[in-house]
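**Student:** You'll find run.txt just under this line, and it carries compact mmCIF, C-alpha atoms.
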# COMPACT_ATOMS: atom_id res chain seq x y z
CA MET A 27 0.86 132.01 187.00
CA ILE A 28 -1.28 128.91 186.47
CA SER A 29 -0.12 126.03 184.28
CA GLN A 30 -3.28 123.91 184.15
CA VAL A 31 -6.85 123.91 185.42
CA PHE A 32 -8.93 120.75 185.59
CA ILE A 33 -12.10 119.52 187.27
CA LEU A 34 -12.58 115.93 188.42
CA SER A 35 -15.55 114.04 189.77
CA SER A 36 -15.33 112.31 193.15
CA LYS A 37 -14.56 109.07 191.27
CA GLY A 38 -11.69 110.63 189.31
CA ASP A 39 -13.53 111.14 186.00
CA HIS A 40 -12.04 113.92 183.84
CA LEU A 41 -14.69 116.60 183.30
CA ILE A 42 -12.66 119.69 182.38
CA TYR A 43 -8.97 119.93 181.42
CA LYS A 44 -7.21 123.07 180.16
CA ASP A 45 -3.43 123.41 179.70
CA PHE A 46 -2.30 127.03 179.44
CA ARG A 47 1.50 126.78 179.38
CA GLY A 48 2.54 123.23 178.44
CA GLU A 49 4.85 122.96 181.44
CA ALA A 50 3.58 119.66 182.84
CA LYS A 51 3.07 116.13 181.58
CA SER A 52 -0.27 114.93 180.30
CA ASP A 53 -0.74 112.47 183.19
CA VAL A 54 -0.97 115.14 185.92
CA VAL A 55 -4.69 114.46 186.37
CA ASN A 56 -4.04 110.83 187.24
CA VAL A 57 -1.11 111.84 189.46
CA PHE A 58 -3.31 114.24 191.43
CA TYR A 59 -6.14 111.76 191.92
CA GLN A 60 -3.67 109.06 192.99
CA MET A 61 -2.17 111.43 195.58
CA VAL A 62 -5.63 112.29 196.91
CA THR A 63 -6.88 108.71 197.18
CA ASP A 64 -3.65 107.40 198.74
CA LEU A 65 -3.88 109.77 201.71
CA PRO A 66 -5.43 108.23 204.86
CA ALA A 67 -7.18 111.45 205.92
CA ASP A 68 -10.70 112.24 204.77
CA GLN A 69 -9.69 115.78 203.81
CA PRO A 70 -6.42 115.92 201.83
CA PRO A 71 -4.25 119.04 202.11
CA VAL A 72 -5.15 121.90 199.82
CA LEU A 73 -1.56 122.19 198.55
CA MET A 74 0.44 119.16 197.38
CA THR A 75 3.70 118.90 195.37
CA HIS A 76 4.93 116.22 192.98
CA GLU A 77 8.24 116.49 191.07
CA GLY A 78 8.31 120.28 191.25
CA LEU A 79 4.67 120.72 190.23
CA HIS A 80 2.34 122.26 192.82
CA PHE A 81 -1.28 121.07 192.99
CA ILE A 82 -3.76 123.44 194.64
CA HIS A 83 -7.38 122.36 194.87
CA VAL A 84 -10.75 123.06 196.46
CA ARG A 85 -13.60 120.57 196.73
CA GLN A 86 -17.17 121.74 196.27
CA GLY A 87 -20.30 119.99 195.11
CA GLY A 88 -18.50 116.64 195.18
CA LEU A 89 -15.99 117.88 192.56
CA TYR A 90 -12.25 118.55 192.72
CA CYS A 91 -11.34 121.91 191.15
CA VAL A 92 -7.56 121.87 190.68
CA ALA A 93 -4.92 124.32 189.46
CA THR A 94 -1.26 123.46 188.92
CA THR A 95 1.76 125.74 188.83
CA THR A 96 5.53 125.46 188.70
CA ALA A 97 6.08 129.02 189.89
CA ASN A 98 6.44 130.19 193.48
CA VAL A 99 3.09 131.96 193.64
CA SER A 100 0.87 132.66 196.61
CA PRO A 101 -1.40 129.65 197.20
CA PHE A 102 -4.08 131.95 198.61
CA THR A 103 -4.32 133.69 195.24
CA ILE A 104 -4.90 130.35 193.50
CA ILE A 105 -7.42 129.25 196.14
CA GLU A 106 -9.36 132.49 195.74
CA PHE A 107 -9.32 132.01 191.96
CA LEU A 108 -10.68 128.45 192.28
CA ASN A 109 -13.40 129.61 194.67
CA ARG A 110 -14.38 132.32 192.19
CA LEU A 111 -14.37 129.73 189.40
CA THR A 112 -16.81 127.50 191.30
CA ALA A 113 -19.01 130.53 192.05
CA LEU A 114 -19.01 131.51 188.36
CA ILE A 115 -19.97 127.97 187.32
CA LYS A 116 -22.93 128.19 189.70
CA ASP A 117 -23.82 131.61 188.30
CA TYR A 118 -23.65 130.61 184.66
CA CYS A 119 -24.69 126.93 184.82
CA GLY A 120 -27.19 127.25 187.66
CA SER A 121 -25.58 124.72 190.01
CA LEU A 122 -22.24 123.06 190.67
CA SER A 123 -22.50 119.32 190.11
CA GLU A 124 -21.06 116.64 187.88
CA LYS A 125 -24.19 116.70 185.73
CA SER A 126 -24.20 120.48 185.23
CA VAL A 127 -20.47 120.51 184.34
CA ARG A 128 -20.92 117.72 181.77
CA MET A 129 -23.89 119.51 180.20
CA ASN A 130 -22.07 122.89 180.04
CA PHE A 131 -18.49 121.92 179.27
CA ALA A 132 -18.35 124.22 176.23
CA LEU A 133 -19.45 127.20 178.32
CA ILE A 134 -16.87 126.43 181.03
CA TYR A 135 -14.06 126.19 178.48
CA GLU A 136 -15.12 129.55 177.05
CA MET A 137 -15.20 130.96 180.56
CA LEU A 138 -11.64 129.75 181.27
CA ASP A 139 -10.40 131.31 178.02
CA GLU A 140 -11.73 134.68 179.15
CA MET A 141 -10.55 134.36 182.76
CA LEU A 142 -6.95 133.33 182.02
CA ASP A 143 -4.45 134.43 179.38
CA TYR A 144 -1.36 132.19 179.19
CA GLY A 145 -1.94 131.30 182.85
CA TYR A 146 -2.33 134.87 184.08
CA ILE A 147 -5.63 135.81 185.72
CA GLN A 148 -7.53 138.48 183.77
CA THR A 149 -10.90 138.77 185.50
CA THR A 150 -13.32 136.81 187.68
CA SER A 151 -16.18 139.32 187.57
CA THR A 152 -19.59 137.99 186.58
CA ASP A 153 -20.63 141.36 185.14
CA ILE A 154 -17.52 141.68 182.95
CA LEU A 155 -17.65 138.09 181.69
CA LYS A 156 -21.29 138.54 180.67
CA ASN A 157 -20.10 140.78 177.83
CA PHE A 158 -17.89 138.04 176.35
CA ILE A 159 -19.58 134.71 177.06
CA GLN A 160 -21.68 133.70 174.07
CA THR A 161 -22.50 130.07 174.85
CA GLU A 162 -25.96 129.49 176.32
CA ALA A 163 -26.19 127.50 179.54
CA VAL A 164 -28.03 124.19 179.57
CA SER A 165 -30.11 123.76 182.72
CA SER A 166 -30.11 120.33 184.34
CA LYS A 167 -33.88 120.56 184.79
CA PRO A 168 -36.49 123.02 183.56
CA PHE A 169 -37.40 125.94 185.76
CA SER A 170 -40.96 125.98 187.10
CA LEU A 171 -42.44 128.32 189.66
CA PHE A 172 -44.92 125.59 190.54
CA ASP A 173 -42.33 122.99 191.50
CA LEU A 174 -42.30 123.20 195.32
CA ARG A 175 -40.89 119.79 196.08
CA SER A 176 -37.51 120.77 197.45
CA VAL A 177 -35.14 123.67 197.86
CA GLY A 178 -31.70 124.14 199.36
CA LEU A 179 -28.83 126.55 199.53
CA PHE A 180 -28.82 128.18 196.05
CA GLY A 181 -30.21 125.04 194.44
CA ALA A 182 -28.98 122.19 196.68
CA GLU A 183 -31.70 119.57 196.87
CA THR A 184 -33.26 118.89 200.27
CA GLN A 185 -36.59 117.66 201.56
CA GLN A 186 -37.56 121.11 202.81
CA SER A 187 -40.76 122.51 201.31
CA LYS A 188 -42.95 125.58 201.47
CA VAL A 189 -40.01 127.99 201.32
CA ALA A 190 -39.12 128.79 197.71
CA PRO A 191 -39.35 127.22 194.25
CA SER A 192 -36.91 124.34 193.99
CA ALA A 193 -35.21 125.43 190.78
CA ALA A 194 -35.55 129.17 191.22
CA ALA A 195 -32.06 129.70 192.63
CA SER A 196 -30.41 126.98 190.57
CA ARG A 197 -31.01 128.40 187.12
CA PRO A 198 -28.31 130.31 185.20
CA ILE A 199 -28.15 134.07 185.55
CA MET A 200 -28.23 134.25 181.73
CA SER A 201 -31.33 132.37 180.61
CA SER A 202 -32.14 131.81 176.98
CA ARG A 203 -32.74 135.05 175.15
CA GLY A 204 -36.42 134.41 174.56
CA ASP A 205 -37.18 133.45 178.16
CA GLN A 206 -37.92 136.43 180.33
CA GLU A 207 -40.10 134.70 182.92
CA GLY A 208 -38.97 134.84 186.53
CA LYS A 209 -36.10 137.26 185.94
CA ASN A 210 -36.84 139.65 188.80
CA GLU A 211 -35.84 137.54 191.79
CA ILE A 212 -33.31 137.88 194.57
CA PHE A 213 -32.30 135.30 197.19
CA VAL A 214 -30.74 136.02 200.57
CA ASP A 215 -29.46 132.99 202.50
CA VAL A 216 -28.24 133.04 206.10
CA VAL A 217 -25.95 130.02 206.41
CA GLU A 218 -24.32 128.87 209.65
CA CYS A 219 -21.70 126.17 210.13
CA LEU A 220 -21.75 124.55 213.59
CA THR A 221 -18.79 123.02 215.44
CA VAL A 222 -19.64 121.34 218.74
CA VAL A 223 -17.79 119.05 221.18
CA ILE A 224 -19.78 117.52 224.06
CA GLY A 225 -17.93 115.62 226.79
CA SER A 226 -18.79 112.16 228.04
CA ASN A 227 -20.46 113.75 231.09
CA GLY A 228 -22.81 115.76 228.86
CA VAL A 229 -21.03 119.09 229.41
CA LEU A 230 -20.62 121.36 226.39
CA MET A 231 -16.85 121.68 225.89
CA LYS A 232 -16.72 123.65 222.64
CA ALA A 233 -19.26 125.48 220.50
CA ASP A 234 -18.24 127.60 217.50
CA ILE A 235 -20.46 129.07 214.80
CA GLN A 236 -19.22 130.38 211.46
CA GLY A 237 -21.92 132.23 209.54
CA GLU A 238 -22.43 133.96 206.21
CA ILE A 239 -25.10 136.08 204.55
CA ARG A 240 -25.13 135.26 200.84
CA VAL A 241 -27.00 137.05 198.09
CA LYS A 242 -27.84 135.70 194.66
CA CYS A 243 -29.35 138.27 192.36
CA TYR A 244 -31.39 137.79 189.20
CA LEU A 245 -32.48 141.42 188.95
CA PRO A 246 -31.66 143.04 185.60
CA SER A 247 -30.87 146.31 187.40
CA CYS A 248 -30.82 147.43 191.01
CA SER A 249 -29.09 150.55 192.25
CA GLU A 250 -29.30 149.69 195.95
CA MET A 251 -30.47 146.92 198.25
CA ARG A 252 -30.98 147.43 202.00
CA ILE A 253 -30.82 144.39 204.30
CA GLY A 254 -32.09 144.93 207.83
CA LEU A 255 -30.72 142.64 210.55
CA ASN A 256 -31.88 142.19 214.16
CA GLU A 257 -32.00 145.52 215.94
CA GLU A 258 -30.79 143.65 219.06
CA LEU A 259 -27.63 142.41 217.31
CA SER A 260 -24.51 143.01 219.43
CA ILE A 261 -20.95 142.54 218.23
CA GLY A 262 -18.14 141.57 220.57
CA LYS A 263 -18.40 142.42 224.26
CA SER A 264 -20.41 145.56 223.65
CA GLN A 265 -23.54 146.27 225.64
CA LEU A 266 -26.67 144.48 224.49
CA ARG A 267 -28.97 146.52 222.26
CA GLY A 268 -32.72 146.86 221.83
CA TYR A 269 -35.60 145.44 223.79
CA GLY A 270 -36.03 141.99 222.24
CA ALA A 271 -34.11 138.77 222.71
CA ALA A 272 -30.36 139.39 222.61
CA VAL A 273 -28.46 138.26 219.51
CA ARG A 274 -24.68 138.34 219.86
CA ILE A 275 -21.71 137.53 217.63
CA ASP A 276 -18.02 137.91 218.42
CA GLU A 277 -16.85 139.53 215.20
CA CYS A 278 -17.86 140.08 211.61
CA SER A 279 -16.50 141.21 208.25
CA PHE A 280 -18.18 142.58 205.14
CA HIS A 281 -17.85 142.52 201.39
CA GLN A 282 -15.93 145.53 200.10
CA ALA A 283 -19.04 146.78 198.27
CA VAL A 284 -21.17 146.93 201.46
CA ARG A 285 -21.81 150.42 202.83
CA LEU A 286 -22.06 150.59 206.61
CA ASP A 287 -23.24 154.14 207.28
CA GLU A 288 -26.50 152.82 208.78
CA PHE A 289 -25.15 149.64 210.33
CA GLU A 290 -23.98 151.00 213.66
CA SER A 291 -27.26 152.75 214.45
CA TYR A 292 -29.90 150.66 212.68
CA ARG A 293 -28.13 147.36 211.74
CA ILE A 294 -28.79 147.95 208.04
CA LEU A 295 -26.47 146.76 205.26
CA LYS A 296 -26.55 148.67 201.95
CA ILE A 297 -25.15 147.17 198.78
CA CYS A 298 -25.49 147.50 195.01
CA PRO A 299 -25.83 143.82 194.04
CA SER A 300 -24.43 142.52 190.78
CA GLN A 301 -25.99 139.57 189.02
CA GLY A 302 -24.74 136.30 190.45
CA GLU A 303 -23.79 135.14 193.92
CA GLN A 304 -21.75 137.03 196.50
CA THR A 305 -21.11 136.87 200.24
CA VAL A 306 -22.00 140.21 201.80
CA MET A 307 -21.20 139.39 205.46
CA GLN A 308 -19.26 136.79 207.45
CA TYR A 309 -19.48 136.40 211.21
CA GLN A 310 -18.53 134.04 214.02
CA LEU A 311 -19.44 133.19 217.58
CA CYS A 312 -16.97 131.20 219.70
CA ASP A 313 -17.40 129.11 222.85
CA ASP A 314 -20.99 130.14 223.36
CA LEU A 315 -24.42 129.04 222.17
CA PRO A 316 -27.51 131.18 222.81
CA SER A 317 -29.55 127.98 223.23
CA ALA A 318 -28.96 124.30 223.94
CA PRO A 319 -27.21 122.21 221.24
CA PRO A 320 -29.73 120.80 218.77
CA PHE A 321 -28.96 117.15 219.58
CA ARG A 322 -28.15 115.23 222.75
CA LEU A 323 -26.87 111.67 223.00
CA PHE A 324 -27.15 109.28 225.94
CA PRO A 325 -24.80 106.33 225.28
CA THR A 326 -24.29 103.07 227.15
CA VAL A 327 -21.42 100.71 226.31
CA GLU A 328 -20.99 97.36 228.06
CA ARG A 329 -19.48 93.96 227.44
CA ASP A 330 -21.84 91.06 227.03
CA SER A 331 -20.95 87.42 227.45
CA GLY A 332 -18.08 86.19 225.32
CA ASP A 333 -16.79 88.52 222.61
CA ARG A 334 -19.94 90.59 222.19
CA LEU A 335 -20.01 94.35 222.71
CA LEU A 336 -23.37 96.04 223.39
CA ILE A 337 -23.72 99.70 222.41
CA TYR A 338 -27.02 101.44 223.23
CA LEU A 339 -27.54 104.95 221.86
CA LYS A 340 -30.51 107.15 222.75
CA MET A 341 -30.63 110.43 220.87
CA ARG A 342 -32.84 113.44 221.55
CA CYS A 343 -33.62 116.36 219.24
CA ASP A 344 -33.90 119.58 221.28
CA LEU A 345 -35.27 121.67 218.42
CA PRO A 346 -38.82 123.09 218.60
CA PRO A 347 -41.54 120.46 218.03
CA LYS A 348 -42.45 121.83 214.59
CA SER A 349 -38.89 121.43 213.31
CA VAL A 350 -37.98 118.41 211.20
CA VAL A 351 -34.46 117.39 210.25
CA PRO A 352 -34.56 116.14 206.62
CA SER A 353 -33.12 112.98 205.19
CA ASP A 354 -29.41 113.85 205.32
CA PHE A 355 -28.99 113.14 209.05
CA THR A 356 -26.12 110.70 209.63
CA THR A 357 -24.51 109.48 212.85
CA ASN A 358 -21.08 107.84 212.79
CA LEU A 359 -19.91 105.84 215.82
CA VAL A 360 -16.13 105.48 215.73
CA LEU A 361 -14.89 102.07 216.90
CA ALA A 362 -11.18 102.94 216.70
CA CYS A 363 -8.90 99.90 216.92
CA ILE A 364 -11.33 97.20 218.04
CA LEU A 365 -12.48 96.34 214.50
CA LYS A 366 -11.04 93.20 212.97
CA PRO A 367 -11.69 91.48 209.63
CA THR A 368 -14.05 89.01 211.29
CA THR A 369 -16.05 91.67 213.21
CA SER A 370 -19.82 91.39 212.65
CA LEU A 371 -22.77 93.67 213.52
CA SER A 372 -26.43 93.20 214.34
CA GLN A 373 -28.75 96.05 215.30
CA GLU A 374 -32.16 96.91 216.71
CA LEU A 375 -33.42 100.31 215.57
CA SER A 376 -36.36 102.30 216.93
CA SER A 377 -38.12 102.55 213.54
CA PRO A 378 -37.99 100.50 210.32
CA ASP A 379 -37.12 103.46 208.09
CA GLN A 380 -33.73 103.85 209.80
CA SER A 381 -30.65 101.96 208.65
CA ALA A 382 -27.23 101.11 210.04
CA GLU A 383 -24.17 99.41 208.63
CA LEU A 384 -20.65 98.55 209.69
CA GLN A 385 -17.93 100.19 207.60
CA PRO A 386 -14.62 98.42 208.38
CA SER A 387 -12.57 100.66 206.07
CA CYS A 388 -13.55 103.76 208.09
CA LYS A 389 -13.83 101.89 211.41
CA VAL A 390 -17.30 103.26 212.08
CA ILE A 391 -20.90 102.20 212.47
CA GLN A 392 -23.00 104.50 210.31
CA TRP A 393 -26.55 105.13 211.50
CA GLU A 394 -28.79 106.98 209.03
CA ILE A 395 -32.05 108.59 210.15
CA PRO A 396 -34.44 109.70 207.38
CA ARG A 397 -36.63 111.92 209.57
CA PHE A 398 -36.00 113.40 213.03
CA PRO A 399 -38.80 115.67 214.36
CA GLY A 400 -38.06 118.27 217.00
CA GLY A 401 -38.60 117.03 220.58
CA ALA A 402 -38.44 113.37 219.50
CA GLN A 403 -36.19 110.62 220.87
CA LEU A 404 -34.69 107.79 218.81
CA SER A 405 -32.67 104.79 219.95
CA ALA A 406 -30.47 102.07 218.52
CA LEU A 407 -28.90 98.93 220.00
CA PHE A 408 -25.77 97.66 218.25
CA LYS A 409 -24.38 94.22 218.97
CA VAL A 410 -20.81 93.95 217.78
CA GLU A 411 -19.05 90.58 217.69
CA VAL A 412 -15.32 91.20 218.14
CA PRO A 413 -13.00 88.16 218.42
CA GLY A 414 -10.58 88.54 221.31
CA LEU A 415 -12.53 91.36 222.95
CA SER A 416 -10.91 92.63 226.16
CA ALA A 417 -11.97 95.00 228.92
CA ALA A 418 -9.58 97.63 227.56
CA SER A 419 -11.47 97.57 224.25
CA LEU A 420 -14.36 99.42 225.90
CA LEU A 421 -12.13 102.49 226.12
CA GLU A 422 -11.64 102.45 222.34
CA VAL A 423 -15.32 103.03 221.52
CA GLY A 424 -16.28 106.50 220.38
CA PRO A 425 -16.64 109.33 219.81
CA VAL A 426 -19.93 109.81 217.97
CA CYS A 427 -19.88 112.25 215.03
CA MET A 428 -23.08 113.65 213.54
CA SER A 429 -23.72 115.16 210.12
CA PHE A 430 -26.91 117.11 209.44
CA GLU A 431 -28.60 120.16 207.93
CA LEU A 432 -31.27 122.21 209.69
CA PRO A 433 -33.47 124.30 207.36
CA LYS A 434 -35.27 127.39 208.64
CA HIS A 435 -32.98 127.56 211.70
CA THR A 436 -29.99 129.63 212.87
CA CYS A 437 -28.17 128.85 216.12
CA THR A 438 -27.17 132.47 216.71
CA GLY A 439 -30.71 133.75 216.21
CA LEU A 440 -29.60 136.13 213.44
CA GLN A 441 -32.59 137.08 211.28
CA ILE A 442 -33.30 139.24 208.24
CA ARG A 443 -35.70 141.95 209.40
CA PHE A 444 -36.46 143.36 205.96
CA LEU A 445 -35.17 143.40 202.39
CA ARG A 446 -35.79 146.54 200.35
CA LEU A 447 -34.83 147.42 196.78
CA SER A 448 -34.50 150.82 195.20
CA PRO A 449 -35.55 152.01 192.76
CA ALA A 450 -38.73 149.96 192.56
CA GLN A 451 -38.36 147.15 190.03
CA PRO A 452 -40.53 147.24 186.89
CA GLY A 453 -43.02 144.40 186.96
CA PRO A 454 -43.42 141.83 189.76
CA SER A 455 -40.31 140.87 191.71
CA GLN A 456 -39.76 138.09 194.22
CA ARG A 457 -37.56 138.32 197.32
CA TRP A 458 -36.69 135.09 199.14
CA VAL A 459 -35.00 134.84 202.55
CA ARG A 460 -33.86 131.43 203.73
CA TYR A 461 -32.00 130.04 206.74
CA LEU A 462 -29.77 126.98 206.96
CA THR A 463 -27.55 125.49 209.69
CA HIS A 464 -25.29 122.56 208.91
CA SER A 465 -22.75 120.62 210.93
CA ASP A 466 -19.05 121.11 210.33
CA SER A 467 -17.96 118.92 213.25
CA TYR A 468 -20.53 117.76 215.80
CA THR A 469 -18.76 115.37 218.17
CA ILE A 470 -20.03 113.67 221.31
CA ARG A 471 -17.54 111.76 223.43
CA ILE A 472 -18.50 108.49 225.06
Translate the structure of the given file into structure tokens.
**Tutor:**
Amino acid sequence: MISQVFILSSKGDHLIYKDFRGEAKSDVVNVFYQMVTDLPADQPPVLMTHEGLHFIHVRQGGLYCVATTTANVSPFTIIEFLNRLTALIKDYCGSLSEKSVRMNFALIYEMLDEMLDYGYIQTTSTDILKNFIQTEAVSSKPFSLFDLRSVGLFGAETQQSKVAPSAAASRPIMSSRGDQEGKNEIFVDVVECLTVVIGSNGVLMKADIQGEIRVKCYLPSCSEMRIGLNEELSIGKSQLRGYGAAVRIDECSFHQAVRLDEFESYRILKICPSQGEQTVMQYQLCDDLPSAPPFRLFPTVERDSGDRLLIYLKMRCDLPPKSVVPSDFTTNLVLACILKPTTSLSQELSSPDQSAELQPSCKVIQWEIPRFPGGAQLSALFKVEVPGLSAASLLEVGPVCMSFELPKHTCTGLQIRFLRLSPAQPGPSQRWVRYLTHSDSYTIRI
């Protein structure tokens, strides 16, 4: 059973607070945020305990979604509930952000009242809640089919263009009653999370890919949707299929509503989609990449005269020449224990639109690159003044950690071959298929 549910911004602002059982003090929100900010790690544990009260949280969209309980309940049940809550907020409010939560707080409170009764979970189904939710969602920006400036994963803003309307997948599933424009749309996103470790000699030491196929449906009715994947898709160590380029994954799992009677022979998924967002397939590939890693780094670290450390980084993008990494590419160079309060930094970057800064609290040099075309090379020279620098300090430099998103790209090569709906939808319908790869942990040792 759940005692309280609350949502905080990344700065600790109280956005949503609901007490179902009156078992905890009123300052639990401040207690939780203090526990989170006092921890040295960047990612605090999902489960924390304070004076007999258990805090379970997930962080999505820059927000902390937290549930508390005094009972000995399964934490996985609470985590699944919080994940469903964030998905429902995206379904009903259009996106999950501090702005959308502030604008739709009344709707979220009504949603919590229907989902929980005295702390006991009643339902998390989008279709069931539609019958009880009366509050209209307030969109953070008006929907326009002609706004092609940016689009991301179900509404996340990026610099990618020419793929789908920017606000099309970030509007609520229940638009205002008089607005029927743009209802017949369905989005299928193939999202891959990349974990890579490259040794100091340039050898690939680890490469893992976690992928998902997500569907967000705005169709008023659809009895069946058929998603065709690569005919050459092979699972596990089975023999390669088809005549095209091989696509392999180690293992996969499916949503319970997916029917697989045509998957083994034709690699077709069949599902009856409900309105809202759902993950129809999850897959992974371990210790193997079908192609070279997207980025390579060639570092040089040497000691200059006195207490100056010279760090030269040359980075190469091994993506196809037409690919462009948008503006969220960040490189963090970890300096470990050599940083001191009097440490200073000067830099020479390969283009004026790049930026770099020394962050003593995190012990890193952060290098931000606004645009990185495929096949290009960029470089940076960092001059770090460290009082009392010794020869042993050179061993404390590194590793380099990269954070990025790659639109229109999958590392496994998994593709959507076709997307068919039956019966045929009345009026015009739009079907969008998008691909996104982002870094979970991309580390290069120096």
**Student:** Would you please work out which residue, of A:Leu230, A:Leu335, A:Ala272, A:Val327, is nearest to Thr469 in chain A when using all atoms listed in the file?
**Tutor:**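 Under the stated criterion, the closest residue is A:Leu230.
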**Student:** For the contact check between range 316-342 of chain A and range 393-404 of chain A, emit one row per residue of range 316-342 of chain A within 12 Å, containing the shortest atom pair and the distance in Å rounded to one decimal, counting all atoms listed in the file, chain then rising number order, as a tab-separated table.
**Tutor:**
residue	atom	partner	partner_atom	distance
A:Pro320	CA	A:Gly400	CA	8.9
A:Phe321	CA	A:Gly400	CA	9.5
A:Arg322	CA	A:Gln403	CA	9.5
A:Leu323	CA	A:Gln403	CA	9.6
A:Phe324	CA	A:Gln403	CA	10.5
A:Pro325	CA	A:Leu404	CA	11.9
A:Tyr338	CA	A:Leu404	CA	10.9
A:Leu339	CA	A:Leu404	CA	8.3
A:Lys340	CA	A:Leu404	CA	5.8
A:Met341	CA	A:Leu404	CA	5.3
A:Arg342	CA	A:Gln403	CA	4.4
**Student:** Okay, now the selection with C-alpha atoms, as an mmCIF file, in the coordinates of the input?
**Tutor:**
data_model
loop_
_atom_site.group_PDB
_atom_site.id
_atom_site.type_symbol
_atom_site.label_atom_id
_atom_site.label_comp_id
_atom_site.auth_asym_id
_atom_site.auth_seq_id
_atom_site.Cartn_x
_atom_site.Cartn_y
_atom_site.Cartn_z
ATOM 1 C CA PRO A 320 -29.730 120.800 218.770
ATOM 2 C CA PHE A 321 -28.960 117.150 219.580
ATOM 3 C CA ARG A 322 -28.150 115.230 222.750
ATOM 4 C CA LEU A 323 -26.870 111.670 223.000
ATOM 5 C CA PHE A 324 -27.150 109.280 225.940
ATOM 6 C CA PRO A 325 -24.800 106.330 225.280
ATOM 7 C CA TYR A 338 -27.020 101.440 223.230
ATOM 8 C CA LEU A 339 -27.540 104.950 221.860
ATOM 9 C CA LYS A 340 -30.510 107.150 222.750
ATOM 10 C CA MET A 341 -30.630 110.430 220.870
ATOM 11 C CA ARG A 342 -32.840 113.440 221.550
#
**Student:** Identify which of the residues A:Tyr244, A:Tyr468, A:Tyr59, A:Phe355 lies closest to Val223 in chain A, counting all atoms listed in the file when measuring atom-to-atom distances.
**Tutor:**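 Ranked by minimum distance to Val223 in chain A, first place goes to A:Tyr468.
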**Student:** What are the centre and edge lengths in Å, to one decimal, of the axis-aligned box around all listed atoms of range 442-447 of chain A with 8 Å added on each side, as JSON?
**Tutor:**
{"center_x": -34.9, "center_y": 143.3, "center_z": 203.1, "size_x": 19.2, "size_y": 24.2, "size_z": 28.6}
**Student:** Between CA of Asp234 in chain A and CA of Leu315 in chain A, what is the spacing in Å?
**Tutor:**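 Value for the CA of Leu315 in chain A-CA of Asp234 in chain A distance: 7.9 Å.
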**Student:** Report the distance between CA of Leu384 in chain A and CA of Ser405 in chain A in Å, rounded to one decimal place.
**Tutor:**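 Distance between the two atoms: 17.0 Å.
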**Student:** Between A:Gly414, A:Ser291, A:Val273, A:Lys389, which one has atoms that come closest to Gly332 in chain A, using all atoms listed in the file?
**Tutor:**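 Among the listed residues, A:Gly414 lies closest to Gly332 in chain A.
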**Student:** With all atoms listed in the file as the counted atoms, please give the residues lying no more than 8 Å from Ile297 in chain A, apart from itself and same-chain residues fewer than 3 positions off, as a count of residues only.
**Tutor:** 6
**Student:** Quick one: distance from CA of Gln30 in chain A to CA of Met61 in chain A in Å, one decimal?
**Tutor:**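 Spanning CA of Gln30 in chain A to CA of Met61 in chain A is a straight-line distance of 17.0 Å.
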**Student:** Excluding Ala97 in chain A and residues on its chain fewer than 4 positions from it, collect all residues at most 10 Å away from it, counting all atoms listed in the file, and give them as a list in words.
**Tutor:**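 The contact residues come out as Met27, Ile28, Ser29, Gly78, Leu79 and His80 of chain A.
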**Student:** Give me the residues within 8 Å of Val214 in chain A as JSON, numbers by chain, counting only C-alpha atoms and dropping any in the same chain fewer than 6 places off.
**Tutor:** {"A": [239, 240, 241, 242, 457, 458, 459, 460]}
**Student:** So, counting all atoms listed in the file, which residue among A:Ser416, A:Gln301, A:Thr95, A:Thr152 is closest to Asp45 in chain A?
**Tutor:**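 Residue with the minimum atom-to-atom distance to Asp45 in chain A: A:Thr95.
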**Student:** Using all atoms listed in the file, determine which residues lie at most 10 Å from Phe131 in chain A, disregarding the query and same-chain residues fewer than 3 positions distant; provide the list as a list in words.
**Tutor:** Leu41, Ile42, Tyr43, Cys119, Ser126, Val127, Arg128, Ile134, Tyr135, Glu136, Met137, Ala163 and Val164 of chain A
**Student:** May I have the protein, DNA and RNA residues with an atom at most 7 Å from (-23.0, 110.1, 215.7), counting only C-alpha atoms in the file's coordinates, returned as a list of chain:residue names?
**Tutor:**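 Every residue inside that radius is included here: A:Thr356, A:Thr357, A:Asn358, A:Leu359, A:Val426, A:Cys427, A:Met428.
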**Student:** Counting only C-alpha atoms, which of A:Gln310, A:Thr438, A:Ser377, A:Ser372 gets nearest to Phe408 in chain A?
**Tutor:**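 Comparing A:Gln310, A:Thr438, A:Ser377, A:Ser372 against Phe408 in chain A, the winner is A:Ser372.
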**Student:** Write out as an mmCIF file with C-alpha atoms, keeping the file's coordinate frame which residues come within 8 Å of Gly225 in chain A when counting only C-alpha atoms, dropping same-chain ones fewer than 4 positions away.
**Tutor:**
data_model
loop_
_atom_site.group_PDB
_atom_site.id
_atom_site.type_symbol
_atom_site.label_atom_id
_atom_site.label_comp_id
_atom_site.auth_asym_id
_atom_site.auth_seq_id
_atom_site.Cartn_x
_atom_site.Cartn_y
_atom_site.Cartn_z
ATOM 1 C CA VAL A 229 -21.030 119.090 229.410
ATOM 2 C CA LEU A 230 -20.620 121.360 226.390
ATOM 3 C CA MET A 231 -16.850 121.680 225.890
ATOM 4 C CA ILE A 470 -20.030 113.670 221.310
ATOM 5 C CA ARG A 471 -17.540 111.760 223.430
ATOM 6 C CA ILE A 472 -18.500 108.490 225.060
#
**Student:** Pick from A:Glu277, A:Gly145, A:Met74, A:Leu114: nearest to Phe46 in chain A, with all atoms listed in the file counted?
**Tutor:** A:Gly145
**Student:** Give as an NGL selection string the set of residues within 12 Å of the point (-22.0, 91.5, 218.0), where distances use the file's coordinates and all atoms listed in the file.
**Tutor:** :A and (328-337 or 365 or 368-374 or 384 or 407-413 or 415)
